[in-house]
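These notes are about the structure you will find just below.
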Amino acid sequence: MFPFTPQMSALDNASNIFGNKFIRRPDLTVFDRVQIAYKALCAKIFGLWGTISALAEYHNISRTFIYDTLATFEKIAEIAFGETSQHFDIDSKKESVEVMIALRLEGKCGVGAISTIMKRLNQRFSSQGTVSTYLNHIGSFVPTEAMIEENDVRVVFLSDEIFSGSKPILITVDPFSSAILKIELTEKRRAEEWSKHWYCLENNGFEAIYFVTDEGSGLCSAHDNLFTGAMRQPDTFHAVAYRLGGRLDQLEKSAYKAIGCEYNREEKIVSAKSEDVIRRRIEEYEQACDKAQKAMELYDDFSYLYGCILNEMKPFRHDGGLRDRQQAEDNIQAALEMIEGLGNKKINDAIKKIRGIMPTLLNYFDVAREVREGLDKLAIDQNALSSLCLAWQHHKAVIKSKKVDRRKKCAVREQRCLEFAEGYLQEKLEVVKERVYKELDAIVQSSAMVECINSIIRPYLNTSRGQVNQNMLNLIAFYHNNRRYRAGKRVNKTPMEILTGKKQEKDWTELLFDLIEEKDPQFFPAVS
């Protein structure tokens, strides 16, 4: 808190605080800053619109500086005189702050909307400047890493970059619990930044089982230069599906377009009158037929070969047995060669990039082998185990599928495998299934979870009007890690519960208030 003692005068304290904490304009004296804070406080009390903007323009300072200075001025007044211009007690302030953080984190409201709603609810501390200052102040108490008590928590480092405008946000997630291990706003996304990011996690008790990243140069360089002891798994979605899946959709559209052109040329023959026009339109129709035929063949051939590649990337065969990595790599290489033979330049350019990733593309097969070997040691019938492994694979496809029809087909296949396993396990099915699925979840081959976290964070970024800072990201991560899921396989659990294995007794708001009182005991001062 602020360095106030009874022996120090109010001006001494103002000099300490205004002279050190909020120095933005060295030419402004302490008296100038106190005057600015006093005028801002009068504007706040009497509801004078435009005063803050006028002060900012007159003194050539930012509005944020004025709000920070005002907050400091109010804190000095509170300590020096025992009360501020707005009388409150500890409970009313806690209520206002709870509404504020709930609207920001649970409601995903921007500062302006929070201010409007709080005023409607007759809550104190409802001005936009106060809301912004308080949220920023609270966020400064939360570390950028997940808070754990244990050391050497072994997790998969699922790392990627998301962006707020042009600024990169480095994020590492545990794919099993979905906990945000670290979130960091940086100016660059080079190997140096990623190395510091990962070293910080290691120093705070996290140990990487292996890394899952895309092919970003900073990510790859940081791992290859400094973290070679842990395997890196390329993101298979960005490596293959992103590059070739989009081409499949384009080829399908091109084939339908060519078929439509063929029908159009055929209809025009009927309306032709002269022999020359008829002959010319017949030639155009034949050319359209040839073009449509080639487009359909290209789509059919590419679709089949692309499907073969995706099938070979599945760790388990159709009978539930573990697929051989070398054989899978050979089959993928053969399919890539055949696709190159189709002669499409854009597709061939994508294949060149895939070939560069091939040596590490199927690293997760090694993880799958270790997991399967561990499961083989359990007292589970092998037929039932193979069926559960295949059911798990179909279950992952259900989650990843975007098309409803495919999702339904995968769900039906999963259910069939579970019914087969039930014939061997009987009433033990659910217990064994949960154990097997949990072990198999260690096989991570894409950064889909980061995309999921991105979709959770994005609404906050969109309501921030570009004013994203580290304190805001800290608050978002704290809320996400300690809130309870309301649906899905993690229902009624928090990410931190899953990560640490310890029951979380308190709501996330209580945990945040505990942290506030620990870091700043005077934030909720009781007035006698």
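Simple scheme: letters A, B, ... for chains in structure tokens order, numbers from 1 for residues in each chain, numbers from 1 for ligands in the order shown.
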
Residues near Ser303 of chain A, anyone? I mean within 12 Å using only C-alpha atoms, not counting same-chain ones fewer than 5 positions away, as number ranges by chain. A: 244-252, 295-298, 308-310, 335, 338-339, 342

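Here the residues within segment 160-360 of chain A that DSSP labels strand (DSSP E) on the basis of the backbone are A:Asp160, A:Glu161, A:Ile162, A:Phe163, A:Ser164, A:Lys167, A:Pro168, A:Ile169, A:Leu170, A:Ile171, A:Thr172, A:Val173, A:Ile180, A:Leu181, A:Lys182, A:Ile183, A:Glu184, A:Leu185, A:Phe206, A:Glu207, A:Ala208, A:Ile209, A:Tyr210, A:Phe211, A:Val212, A:Thr213, A:Arg232, A:Gln233, A:Pro234.
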
Taken to one decimal, the atom CA of Asp366 of chain A-atom CA of Arg232 of chain A distance is 11.7 Å

Separating atom CA of Glu106 of chain A from atom CA of Ile457 of chain A, to the nearest tenth of an Å, is a gap of 11.6 Å

### Message
At a cut-off of 12 Å, using only C-alpha atoms, what residues contact Ala477 of chain A? Leave out same-chain residues fewer than 4 positions from it and give the result as JSON, numbers by chain.
### Response
{"A": [105, 139, 142, 143, 144, 145, 146, 147, 171, 172, 173, 178, 179, 180, 181, 182, 183, 184, 453, 454, 456, 457, 460, 470, 471, 472, 473, 481, 482, 483, 495, 496, 508, 512]}

At a cut-off of 10 Å, using only C-alpha atoms, what residues contact Met118 of chain A? Leave out same-chain residues fewer than 2 positions from it and give the result as a PyMOL selection string.
chain A and resi 96+99-100+103+113-116+120-127+131

Output C-alpha atoms for every residue in the selection just made, as a CSV table (one decimal), in the first residue's frame.
```csv
chain,number,residue,atom,x,y,z
A,96,SER,CA,-19.8,-3.0,-5.7
A,99,VAL,CA,-20.8,-6.6,-9.3
A,100,MET,CA,-18.0,-4.9,-11.2
A,103,LEU,CA,-20.0,-7.9,-15.2
A,113,ALA,CA,-21.4,-1.0,-20.1
A,114,ILE,CA,-20.2,-1.9,-16.6
A,115,SER,CA,-20.5,1.7,-15.6
A,116,THR,CA,-24.0,2.1,-17.1
A,120,ARG,CA,-28.7,1.6,-12.9
A,121,LEU,CA,-28.3,-0.7,-9.9
A,122,ASN,CA,-27.3,2.3,-7.7
A,123,GLN,CA,-23.9,0.8,-7.1
A,124,ARG,CA,-21.0,3.0,-5.9
A,125,PHE,CA,-17.7,3.4,-7.7
A,126,SER,CA,-19.6,3.3,-11.0
A,127,SER,CA,-17.8,5.9,-13.1
A,131,VAL,CA,-14.2,0.9,-12.9
```
